[in-house]
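Undergrad: To be precise about what I am sending: the file is called protein-v1.cif and holds mmCIF, C-alpha atoms and all ligand atoms.
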data_start
loop_
_atom_site.label_atom_id
_atom_site.label_comp_id
_atom_site.auth_asym_id
_atom_site.auth_seq_id
_atom_site.Cartn_x
_atom_site.Cartn_y
_atom_site.Cartn_z
CA MET T 1 192.02 116.74 149.72
CA ILE T 2 192.59 120.01 151.56
CA GLN T 3 190.10 122.83 151.21
CA VAL T 4 190.80 126.25 152.71
CA LEU T 5 188.06 128.73 153.61
CA ARG T 6 189.95 132.03 153.60
CA ASN T 7 189.49 135.37 155.32
CA CYS T 8 186.28 134.61 157.18
CA ARG T 9 184.98 135.64 160.53
CA MET T 10 184.17 132.58 162.57
CA LEU T 11 182.25 131.62 165.69
CA LEU T 12 184.54 129.49 167.84
CA PRO T 13 184.07 127.46 171.04
CA GLY T 14 184.55 129.44 174.23
CA ARG T 15 182.27 132.13 172.78
CA LYS T 16 185.01 133.65 170.69
CA VAL T 17 184.80 135.41 167.33
CA CYS T 18 188.00 135.41 165.26
CA SER T 19 189.05 136.24 161.73
CA GLY T 20 191.17 133.85 159.71
CA ASP T 21 191.09 130.63 157.72
CA ILE T 22 189.48 127.24 158.25
CA VAL T 23 191.30 124.24 156.81
CA VAL T 24 189.14 121.24 155.98
CA ASP T 25 190.20 117.69 155.15
CA THR T 26 187.51 116.73 152.67
CA VAL T 27 188.42 113.03 152.77
CA SER T 28 187.71 112.60 156.48
CA GLY T 29 185.17 115.46 156.38
CA THR T 30 186.76 117.06 159.43
CA ILE T 31 188.33 120.39 160.38
CA LYS T 32 192.11 120.11 160.17
CA GLU T 33 193.09 123.54 161.37
CA VAL T 34 191.47 126.73 162.61
CA ALA T 35 194.02 129.42 161.78
CA SER T 36 193.00 132.69 163.36
CA GLY T 37 196.18 134.35 162.09
CA GLY T 38 195.77 132.86 158.59
CA PHE T 39 196.87 129.50 157.15
CA GLY T 40 200.33 129.61 155.53
CA GLY T 41 199.87 126.56 153.29
CA ARG T 42 197.84 126.03 150.13
CA GLY T 43 194.80 123.88 149.62
CA GLU T 44 193.77 121.92 146.54
CA SER T 45 190.70 124.11 146.68
CA GLU T 46 190.32 127.57 148.21
CA ILE T 47 187.29 129.77 148.75
CA ASP T 48 187.65 133.45 149.64
CA LEU T 49 185.06 134.24 152.30
CA SER T 50 185.91 137.89 152.97
CA GLY T 51 182.82 139.61 154.34
CA HIS T 52 181.31 136.32 155.47
CA LEU T 53 180.69 134.72 158.83
CA VAL T 54 181.27 130.98 159.21
CA MET T 55 179.21 129.35 161.96
CA PRO T 56 178.85 125.75 163.07
CA GLY T 57 176.05 124.12 161.07
CA LEU T 58 172.74 124.44 162.89
CA ILE T 59 171.21 121.37 164.52
CA ASN T 60 167.44 121.05 164.33
CA CYS T 61 166.54 118.63 167.12
CA HIS T 62 162.85 118.18 166.41
CA CYS T 63 161.33 118.10 162.97
CA HIS T 64 158.92 116.20 160.76
CA ALA T 65 160.52 116.96 157.39
CA PRO T 66 157.81 115.28 155.25
CA MET T 67 155.26 117.78 156.59
CA THR T 68 156.32 120.29 153.95
CA LEU T 69 153.50 118.49 152.09
CA VAL T 70 150.99 120.11 154.45
CA ARG T 71 152.76 123.41 155.13
CA GLY T 72 150.38 125.69 156.99
CA LEU T 73 147.36 123.39 156.66
CA GLY T 74 144.67 123.95 159.30
CA GLY T 75 146.24 127.16 160.57
CA GLY T 76 144.30 128.66 163.48
CA LEU T 77 142.88 125.41 164.89
CA PRO T 78 143.78 124.27 168.43
CA LEU T 79 146.16 121.29 168.64
CA GLN T 80 143.72 118.39 169.00
CA ARG T 81 141.34 119.69 166.29
CA TRP T 82 144.31 120.65 164.10
CA LEU T 83 145.60 117.07 164.29
CA GLU T 84 142.26 115.31 163.96
CA GLU T 85 140.58 117.54 161.36
CA ALA T 86 143.44 118.92 159.26
CA ILE T 87 146.55 116.75 159.56
CA PHE T 88 145.64 113.10 160.33
CA PRO T 89 143.17 112.67 157.40
CA VAL T 90 145.83 113.80 154.89
CA GLU T 91 148.58 111.79 156.57
CA ALA T 92 146.41 108.68 156.33
CA ARG T 93 146.45 109.05 152.53
CA MET T 94 150.23 109.54 152.21
CA SER T 95 152.26 106.91 150.34
CA ASP T 96 156.01 106.27 150.78
CA GLU T 97 156.54 108.22 147.57
CA ASP T 98 154.60 111.24 148.87
CA VAL T 99 156.51 111.18 152.16
CA ARG T 100 159.86 110.99 150.39
CA ALA T 101 158.98 113.96 148.19
CA GLY T 102 158.02 116.02 151.25
CA ALA T 103 161.08 114.95 153.22
CA ALA T 104 163.44 115.76 150.35
CA TRP T 105 161.96 119.24 150.07
CA GLY T 106 162.25 119.73 153.84
CA ALA T 107 165.86 118.51 153.85
CA MET T 108 166.72 120.95 151.06
CA GLU T 109 164.99 123.79 152.88
CA MET T 110 167.03 123.03 156.01
CA LEU T 111 170.34 122.73 154.15
CA SER T 112 169.78 125.98 152.27
CA GLY T 113 169.18 127.72 155.61
CA GLY T 114 172.36 126.46 157.31
CA THR T 115 170.98 123.40 159.10
CA THR T 116 173.40 120.48 158.78
CA CYS T 117 171.84 117.91 161.12
CA VAL T 118 168.24 117.05 161.94
CA ALA T 119 166.39 114.79 164.35
CA ASP T 120 163.31 113.80 162.39
CA MET T 121 160.24 111.77 163.30
CA TYR T 122 157.76 110.42 160.77
CA ASP T 123 156.04 107.32 159.54
CA HIS T 124 157.00 105.58 156.28
CA ASP T 125 160.28 104.54 154.76
CA TYR T 126 162.13 107.78 154.02
CA GLY T 127 165.63 107.61 155.57
CA GLN T 128 167.24 107.36 152.13
CA VAL T 129 166.17 110.96 151.46
CA PHE T 130 168.64 112.23 154.06
CA VAL T 131 171.42 110.09 152.59
CA ASP T 132 170.64 111.45 149.10
CA THR T 133 170.43 115.13 150.11
CA GLY T 134 173.53 114.97 152.34
CA LEU T 135 171.80 116.16 155.51
CA ARG T 136 173.04 114.42 158.67
CA ALA T 137 170.06 112.88 160.39
CA ARG T 138 168.75 110.92 163.31
CA PHE T 139 165.32 109.83 162.19
CA CYS T 140 162.78 107.48 163.70
CA VAL T 141 159.50 105.66 163.24
CA PRO T 142 157.03 107.02 165.79
CA GLY T 143 156.11 104.40 168.39
CA LEU T 144 152.31 104.10 168.55
CA SER T 145 150.32 101.49 170.48
CA ILE T 146 147.23 101.75 168.28
CA VAL T 147 148.98 100.23 165.25
CA PRO T 148 149.13 96.42 165.55
CA GLY T 149 152.69 95.09 165.36
CA ARG T 150 154.21 98.57 165.58
CA LEU T 151 156.54 97.75 168.49
CA GLU T 152 158.19 94.93 166.55
CA GLN T 153 158.27 97.10 163.42
CA CYS T 154 160.05 99.92 165.31
CA ILE T 155 162.61 97.55 166.81
CA THR T 156 163.32 95.72 163.54
CA ALA T 157 163.46 98.89 161.45
CA THR T 158 165.92 100.51 163.86
CA ARG T 159 168.13 97.44 164.07
CA ASP T 160 168.13 96.79 160.31
CA TRP T 161 168.67 100.39 159.20
CA ASN T 162 171.56 101.01 161.59
CA ARG T 163 173.22 97.73 160.66
CA TRP T 164 172.90 98.58 156.94
CA MET T 165 174.24 102.10 157.49
CA HIS T 166 177.09 100.83 159.61
CA ASP T 167 178.12 98.01 157.29
CA ASP T 168 178.68 100.23 154.32
CA VAL T 169 179.32 103.86 155.09
CA LYS T 170 176.69 105.64 153.05
CA GLY T 171 176.28 108.77 155.07
CA ASP T 172 175.52 109.76 158.61
CA VAL T 173 171.87 108.84 158.86
CA TYR T 174 170.93 106.61 161.78
CA MET T 175 167.65 105.64 163.40
CA ASP T 176 166.95 106.46 167.00
CA VAL T 177 164.19 104.83 169.02
CA CYS T 178 160.98 106.74 169.44
CA ILE T 179 157.61 106.91 171.05
CA HIS T 180 155.30 109.52 169.59
CA SER T 181 154.19 110.44 173.13
CA GLU T 182 152.87 109.04 176.38
CA TYR T 183 149.28 109.46 175.14
CA LEU T 184 149.72 107.45 171.93
CA THR T 185 151.55 104.55 173.60
CA ASP T 186 150.78 102.29 176.53
CA GLU T 187 152.94 100.91 179.30
CA ASN T 188 153.57 97.59 177.51
CA PHE T 189 154.84 99.43 174.46
CA CYS T 190 157.20 101.61 176.52
CA ARG T 191 158.52 98.69 178.56
CA GLY T 192 158.95 96.58 175.41
CA LEU T 193 160.90 99.29 173.65
CA ALA T 194 162.98 99.93 176.79
CA GLU T 195 163.88 96.24 176.89
CA ALA T 196 164.86 96.19 173.19
CA ASN T 197 166.85 99.38 173.65
CA LYS T 198 169.21 97.62 176.05
CA GLU T 199 170.60 96.06 172.87
CA LEU T 200 169.84 98.84 170.35
CA LYS T 201 171.36 101.51 172.64
CA ARG T 202 169.75 104.46 170.87
CA ARG T 203 168.54 107.73 172.30
CA LEU T 204 164.78 108.24 172.60
CA HIS T 205 163.00 110.91 170.54
CA PHE T 206 159.54 111.80 171.88
CA HIS T 207 156.92 114.50 172.31
CA CYS T 208 156.33 115.44 175.93
CA SER T 209 153.95 117.68 177.92
CA GLU T 210 153.19 119.77 174.85
CA THR T 211 149.73 120.83 176.02
CA ARG T 212 148.20 121.26 179.45
CA ARG T 213 145.51 118.70 178.55
CA GLU T 214 148.08 116.05 177.62
CA HIS T 215 150.08 116.67 180.79
CA GLU T 216 147.04 116.56 183.10
CA GLU T 217 145.45 113.52 181.42
CA CYS T 218 148.69 111.62 182.00
CA ILE T 219 148.59 112.50 185.69
CA ALA T 220 144.96 111.34 185.82
CA ARG T 221 145.87 108.05 184.07
CA HIS T 222 149.08 107.17 185.85
CA GLY T 223 149.27 109.46 188.88
CA LYS T 224 152.51 110.82 187.42
CA THR T 225 153.65 113.42 184.91
CA PRO T 226 154.67 112.12 181.46
CA ILE T 227 158.39 112.38 182.28
CA ALA T 228 158.04 110.62 185.65
CA TYR T 229 155.87 107.90 184.11
CA LEU T 230 158.24 107.33 181.18
CA ALA T 231 161.28 107.27 183.48
CA ASP T 232 159.60 104.49 185.50
CA THR T 233 159.10 102.36 182.36
CA GLY T 234 162.89 102.36 181.77
CA ILE T 235 162.55 103.98 178.38
CA LEU T 236 164.72 106.96 179.37
CA ASP T 237 167.60 104.79 180.56
CA ASN T 238 169.72 105.48 177.49
CA GLY T 239 168.98 109.23 177.43
CA GLY T 240 167.13 111.08 174.74
CA TYR T 241 165.53 114.30 173.62
CA ALA T 242 162.03 115.47 174.40
CA ALA T 243 160.21 117.93 172.19
CA HIS T 244 158.15 120.76 173.73
CA CYS T 245 158.11 120.10 177.54
CA VAL T 246 155.84 123.13 177.91
CA TRP T 247 154.11 121.89 181.06
CA CYS T 248 157.05 120.09 182.70
CA THR T 249 157.54 120.63 186.42
CA ASP T 250 160.76 121.27 188.31
CA ASP T 251 160.78 117.60 189.32
CA ASP T 252 160.47 116.65 185.64
CA PHE T 253 163.49 118.82 184.87
CA ARG T 254 165.45 117.10 187.65
CA ILE T 255 164.63 113.70 186.14
CA MET T 256 165.63 114.94 182.68
CA ALA T 257 168.97 116.27 183.96
CA GLU T 258 169.64 113.00 185.76
CA ARG T 259 168.67 110.77 182.79
CA ASP T 260 170.44 112.87 180.16
CA VAL T 261 167.20 113.80 178.42
CA ALA T 262 167.50 117.09 176.56
CA LEU T 263 164.65 119.56 176.25
CA VAL T 264 164.02 120.52 172.65
CA HIS T 265 162.42 123.95 172.62
CA ASN T 266 160.06 124.67 169.71
CA PRO T 267 158.92 128.24 170.32
CA THR T 268 157.16 128.88 167.00
CA SER T 269 155.13 125.68 167.06
CA ASN T 270 154.16 126.13 170.71
CA MET T 271 152.92 129.64 170.04
CA LYS T 272 151.15 128.83 166.78
CA LEU T 273 149.19 126.01 168.42
CA GLY T 274 148.62 128.07 171.56
CA SER T 275 150.34 125.46 173.72
CA GLY T 276 152.31 127.86 175.94
CA PHE T 277 155.96 128.54 176.70
CA ALA T 278 158.43 125.92 177.88
CA ARG T 279 160.23 127.14 181.01
CA ILE T 280 163.67 126.76 179.52
CA VAL T 281 165.38 129.25 181.82
CA ARG T 282 164.35 127.16 184.83
CA ALA T 283 165.24 123.93 183.02
CA ARG T 284 168.74 125.25 182.38
CA GLU T 285 169.10 126.27 186.02
CA LEU T 286 168.25 122.69 187.00
CA GLY T 287 170.92 121.29 184.69
CA VAL T 288 168.82 120.27 181.66
CA ASN T 289 170.48 120.55 178.27
CA VAL T 290 168.21 122.79 176.16
CA ALA T 291 168.36 122.53 172.35
CA LEU T 292 166.15 123.95 169.59
CA GLY T 293 163.84 122.55 166.96
CA THR T 294 161.47 123.87 164.34
CA ASP T 295 158.87 121.07 164.56
CA GLY T 296 157.14 120.34 161.25
CA THR T 297 156.07 122.93 158.72
CA ALA T 298 152.39 122.40 159.45
CA SER T 299 152.84 124.15 162.81
CA ASN T 300 155.73 126.50 162.11
CA ASP T 301 155.47 127.13 158.94
CA ASN T 302 159.14 127.08 157.92
CA LEU T 303 162.33 125.26 158.90
CA ASP T 304 164.30 128.42 159.73
CA MET T 305 166.49 127.82 162.78
CA PHE T 306 167.46 131.51 162.89
CA GLU T 307 163.83 132.33 163.53
CA GLU T 308 163.73 129.79 166.38
CA MET T 309 166.84 131.39 167.91
CA HIS T 310 165.29 134.83 167.59
CA LEU T 311 162.00 133.80 169.23
CA ALA T 312 163.69 131.72 171.96
CA SER T 313 165.78 134.72 172.90
CA LEU T 314 162.94 137.25 172.95
CA ILE T 315 160.16 135.19 174.53
CA HIS T 316 162.05 134.35 177.69
CA LYS T 317 163.35 137.88 178.24
CA GLY T 318 159.79 139.15 177.88
CA LEU T 319 158.26 136.49 180.12
CA ALA T 320 160.84 137.07 182.86
CA ASN T 321 160.82 140.86 182.55
CA ASP T 322 164.57 140.43 182.51
CA PRO T 323 166.85 140.72 179.46
CA THR T 324 169.69 138.87 181.19
CA VAL T 325 168.01 135.44 181.49
CA LEU T 326 169.47 134.20 178.18
CA SER T 327 172.46 135.71 176.44
CA PRO T 328 172.82 135.61 172.65
CA TRP T 329 175.64 133.09 173.12
CA ASP T 330 173.36 130.89 175.23
CA VAL T 331 170.94 130.82 172.31
CA VAL T 332 173.60 130.22 169.65
CA GLU T 333 174.76 127.22 171.69
CA MET T 334 171.19 125.92 171.93
CA ALA T 335 171.12 125.77 168.11
CA THR T 336 174.57 124.21 167.76
CA VAL T 337 176.61 122.44 170.44
CA ASN T 338 173.66 121.77 172.76
CA GLY T 339 171.87 120.15 169.82
CA ALA T 340 174.90 117.93 169.27
CA LYS T 341 174.80 116.88 172.95
CA ALA T 342 171.06 116.26 172.75
CA LEU T 343 171.73 113.77 169.96
CA GLY T 344 174.59 112.21 171.96
CA ARG T 345 177.35 113.57 169.76
CA ASP T 346 180.62 115.27 170.50
CA ASP T 347 181.88 115.45 166.90
CA ILE T 348 179.56 118.16 165.54
CA GLY T 349 178.23 121.55 166.66
CA GLU T 350 181.52 123.45 166.98
CA ILE T 351 184.25 124.79 164.72
CA ALA T 352 187.26 123.03 166.21
CA VAL T 353 190.09 120.76 165.05
CA GLY T 354 188.94 117.17 164.64
CA LYS T 355 185.23 117.99 164.52
CA LYS T 356 183.14 117.36 161.43
CA ALA T 357 183.32 120.26 159.00
CA ASP T 358 179.61 121.09 159.24
CA LEU T 359 179.54 124.78 158.45
CA CYS T 360 177.05 127.47 157.64
CA VAL T 361 178.30 130.55 155.79
CA VAL T 362 176.45 133.84 156.11
CA ASP T 363 176.90 136.85 153.86
CA LEU T 364 177.46 139.81 156.18
CA ASP T 365 177.02 142.26 153.30
CA ARG T 366 173.29 142.64 153.85
CA LEU T 367 171.50 145.83 154.82
CA HIS T 368 170.12 144.37 158.04
CA LEU T 369 173.50 142.96 159.14
CA ALA T 370 175.62 146.12 159.15
CA PRO T 371 177.50 147.21 161.11
CA ALA T 372 178.44 143.79 162.48
CA LEU T 373 179.31 144.96 165.98
CA ASP T 374 178.30 142.09 168.23
CA ILE T 375 178.31 138.90 166.19
CA ALA T 376 176.39 136.62 168.58
CA ASN T 377 173.69 139.26 168.96
CA LEU T 378 173.60 139.69 165.20
CA VAL T 379 173.16 135.93 164.65
CA VAL T 380 170.27 135.67 167.10
CA HIS T 381 168.44 138.93 166.51
CA SER T 382 169.20 140.09 162.95
CA MET T 383 169.89 137.09 160.73
CA HIS T 384 167.50 134.98 158.68
CA SER T 385 168.06 131.62 157.05
CA SER T 386 167.96 133.44 153.70
CA ASP T 387 171.28 135.13 154.63
CA VAL T 388 173.01 131.73 154.41
CA VAL T 389 174.92 131.47 151.13
CA MET T 390 176.77 128.16 151.55
CA THR T 391 176.36 125.06 153.67
CA PHE T 392 178.97 122.36 154.17
CA VAL T 393 178.27 118.94 155.67
CA GLY T 394 181.38 116.94 156.48
CA GLY T 395 183.41 119.33 154.33
CA ARG T 396 181.20 118.75 151.30
CA ARG T 397 179.56 121.88 149.91
CA ILE T 398 175.87 121.27 149.47
CA ASP T 399 174.62 121.88 145.98
CA LEU T 400 170.87 122.15 145.54
CA LYS T 401 170.96 121.66 141.80
CA ASN T 402 168.08 119.17 141.98
CA LYS T 403 165.70 121.82 143.27
CA ALA T 404 163.49 121.93 140.17
CA GLU T 405 163.10 118.15 140.11
CA ALA T 406 162.38 118.08 143.86
CA LYS T 407 159.76 120.81 143.45
CA ALA T 408 158.02 118.87 140.67
CA LYS T 409 157.92 115.77 142.93
CA LEU T 410 156.59 117.82 145.85
CA LEU T 411 153.80 119.32 143.75
CA ALA T 412 152.91 115.95 142.24
CA ALA T 413 152.59 114.51 145.77
CA VAL T 414 150.50 117.45 146.98
CA LYS T 415 148.24 116.91 143.96
CA ARG T 416 147.89 113.17 144.67
CA LEU T 417 146.88 114.06 148.21
CA GLY T 418 144.12 116.25 146.78
CA LEU T 419 145.46 119.46 148.35
CA ILE T 420 145.79 121.22 144.97
CA LYS T 421 144.10 120.62 141.63
ZN ZN S 1 156.54 117.30 166.68
#
Mind converting the file's structure to structure tokens?
Ligand SMILES: [Zn+2]
TA:
Amino acid sequence: MIQVLRNCRMLLPGRKVCSGDIVVDTVSGTIKEVASGGFGGRGESEIDLSGHLVMPGLINCHCHAPMTLVRGLGGGLPLQRWLEEAIFPVEARMSDEDVRAGAAWGAMEMLSGGTTCVADMYDHDYGQVFVDTGLRARFCVPGLSIVPGRLEQCITATRDWNRWMHDDVKGDVYMDVCIHSEYLTDENFCRGLAEANKELKRRLHFHCSETRREHEECIARHGKTPIAYLADTGILDNGGYAAHCVWCTDDDFRIMAERDVALVHNPTSNMKLGSGFARIVRARELGVNVALGTDGTASNDNLDMFEEMHLASLIHKGLANDPTVLSPWDVVEMATVNGAKALGRDDIGEIAVGKKADLCVVDLDRLHLAPALDIANLVVHSMHSSDVVMTFVGGRRIDLKNKAEAKAKLLAAVKRLGLIK
């Protein structure tokens, strides 16, 4: 079926903004034509988007969607105390059902704010949530050495899920391999997963050099930075994406560029937990692909990728005393096409013929968006996720009609966890 999005402004590859129509083939879920002068044909379905901007769907490259269950819990504590005193005790009580309720709510929050693809890391069996909500996902079970049998569990879960997903096309939800971090795994775990990944061939999702303490303790343990140590175990051989990288060195960035490991910048989370500022301008200079992520809602406390774009843009101009270090287009690309590359994909992240029709539609008729003079600047510095009025994943318009039911499940889970009466 052909669907035509008429009369919109659109963000196109090559940093262009045009007005016209987007033609979507809803059977293949791809973009059939980008008609900047207008599409002459008719579609089985047409939507007039005058006064709207259509952007590529946003790609959130580091999230823990189930953490909506603990949104804002333990605010104000430093990272280690925040984890040990506020987060871990509640997580230890979570059932699969609780986790699914939190993940579904997180997926809906992302979709409503224009995010069409997520890289998510969490324990429990919750991949089906992404299939059900229609959010594209790369999720993973965090690799941890302290849990007996976890290495085998990670390998089997990844193999089985991807085989199941592949055998019968149910959506675009695949499992990547994962280690939580250098400090929660040991060398045997990393080498074992690296060996299994020769067959699994997935990208690695991991936390890296988030705090100074973590970075320095790794050097004390192994005589190497986390990136250098992990590279030596072979676990980066198939590429991947590393969240945070606040304390990474220039040499770490060189290794990341060489091994196709993207840096996922999480500015809100790093500031809220007082971790510092990832040196993304330097990373980009050294050839690292920099993408964006929200992290979980316990350290953010929302899943608004517009807010991450806004902060990423401002922080680095301020730190460098130089407003030219990142352009608005650089930042838009971090949230879209760079995210696609981070996840090893060339079929999402841009509005172009043949790409998946993952689209985010913003209503430009808002007080804080007029006059729309410089669209990329407007996206990064003026827009909020609440300005998004429609989201399409693979040409399918996302309908959040189950919101009330999802909210009831979320609240029931939060109650079971003893966080509300
Ligand atoms: Zn994280």
Undergrad: Go through T:Ala408, T:Ile155, T:Ala242, T:Val388 and flag the residue nearest ligand ZN 1 (chain S), using all atoms listed in the file for the distances.
TA: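 Among the listed residues, the smallest separation from ligand ZN 1 (chain S) belongs to T:Ala242.
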Undergrad: Of the candidates T:Val17, T:Leu230, T:Val129, T:Ala101, which one gets nearest to Ala372 of chain T if we count all atoms listed in the file?
TA: T:Val17
Undergrad: Could you please determine the separation between atom CA of Phe206 of chain T and atom CA of Val379 of chain T in Å, to one decimal place?
TA: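 The value is 28.6 Å.
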Undergrad: For the point (185.8, 136.9, 150.6) in file coordinates, what residues are within 8 Å, counting all atoms listed in the file? Give the answer as a ChimeraX atom specification?
TA: /T:6-8,47-52
Undergrad: Which residues of chain T come within 7 Å of ligand ZN 1 (chain S), and what is each one's closest atom pair and distance in Å (one decimal), counting only C-alpha atoms and all ligand atoms, sorted by chain and residue number, as JSON lines?
TA:
{"residue": "T:His62", "atom": "CA", "partner": "S:ZN1", "partner_atom": "ZN", "distance": 6.4}
{"residue": "T:Cys63", "atom": "CA", "partner": "S:ZN1", "partner_atom": "ZN", "distance": 6.1}
{"residue": "T:His64", "atom": "CA", "partner": "S:ZN1", "partner_atom": "ZN", "distance": 6.5}
{"residue": "T:His207", "atom": "CA", "partner": "S:ZN1", "partner_atom": "ZN", "distance": 6.3}
{"residue": "T:Ala243", "atom": "CA", "partner": "S:ZN1", "partner_atom": "ZN", "distance": 6.7}
{"residue": "T:Asp295", "atom": "CA", "partner": "S:ZN1", "partner_atom": "ZN", "distance": 4.9}
{"residue": "T:Gly296", "atom": "CA", "partner": "S:ZN1", "partner_atom": "ZN", "distance": 6.3}
Undergrad: Quick one: of T:Met94, T:Ile146, T:Met55, T:Met271, who's nearest to Ala376 of chain T, counting only C-alpha atoms?
TA: T:Met55
Undergrad: Residues around (156.5, 119.4, 190.0), cut-off 12 Å, counting all atoms listed in the file - what are they as a PyMOL selection string?
TA: chain T and resi 215+219+224-228+247-255
Undergrad: Find the spatial neighbours of segment 260-269 of chain T, counting only C-alpha atoms, within a cut-off of 6 Å - ignore same-chain residues fewer than 3 positions away - and output them as a PDB file with C-alpha atoms, in the frame of the given file.
TA:
ATOM      1  CA  GLY T 239     168.980 109.230 177.430  1.00  0.00           C
ATOM      2  CA  GLY T 240     167.130 111.080 174.740  1.00  0.00           C
ATOM      3  CA  TYR T 241     165.530 114.300 173.620  1.00  0.00           C
ATOM      4  CA  ALA T 242     162.030 115.470 174.400  1.00  0.00           C
ATOM      5  CA  ALA T 243     160.210 117.930 172.190  1.00  0.00           C
ATOM      6  CA  HIS T 244     158.150 120.760 173.730  1.00  0.00           C
ATOM      7  CA  MET T 256     165.630 114.940 182.680  1.00  0.00           C
ATOM      8  CA  ALA T 257     168.970 116.270 183.960  1.00  0.00           C
ATOM      9  CA  LYS T 272     151.150 128.830 166.780  1.00  0.00           C
ATOM     10  CA  ASN T 289     170.480 120.550 178.270  1.00  0.00           C
ATOM     11  CA  VAL T 290     168.210 122.790 176.160  1.00  0.00           C
ATOM     12  CA  ALA T 291     168.360 122.530 172.350  1.00  0.00           C
ATOM     13  CA  LEU T 292     166.150 123.950 169.590  1.00  0.00           C
ATOM     14  CA  GLY T 293     163.840 122.550 166.960  1.00  0.00           C
ATOM     15  CA  THR T 294     161.470 123.870 164.340  1.00  0.00           C
ATOM     16  CA  SER T 299     152.840 124.150 162.810  1.00  0.00           C
ATOM     17  CA  ASN T 300     155.730 126.500 162.110  1.00  0.00           C
ATOM     18  CA  ALA T 342     171.060 116.260 172.750  1.00  0.00           C
TER      19      ALA T 342
END
Undergrad: Using only C-alpha atoms, which residues sit within 10 Å of Cys360 of chain T once same-chain residues fewer than 6 positions away are excluded, as a PyMOL selection string?
TA: chain T and resi 53-58+111-116+385+388-393+397
Undergrad: What does the distance from atom CA of Pro328 of chain T to atom CA of Asn377 of chain T come to in Å, to one decimal?
TA: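 Those two atoms sit 5.3 Å apart.
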Undergrad: Pick from T:Arg15, T:His316, T:Arg136, T:His384: nearest to Glu333 of chain T, with all atoms listed in the file counted?
TA: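 Comparing T:Arg15, T:His316, T:Arg136, T:His384 against Glu333 of chain T, the winner is T:Arg15.
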Undergrad: Write out as number ranges by chain each polymer residue whose atoms come within 8 Å of Trp105 of chain T, counting all atoms listed in the file; drop sequence neighbours fewer than 6 positions from it.
TA: T: 65-66, 68, 406-407, 410
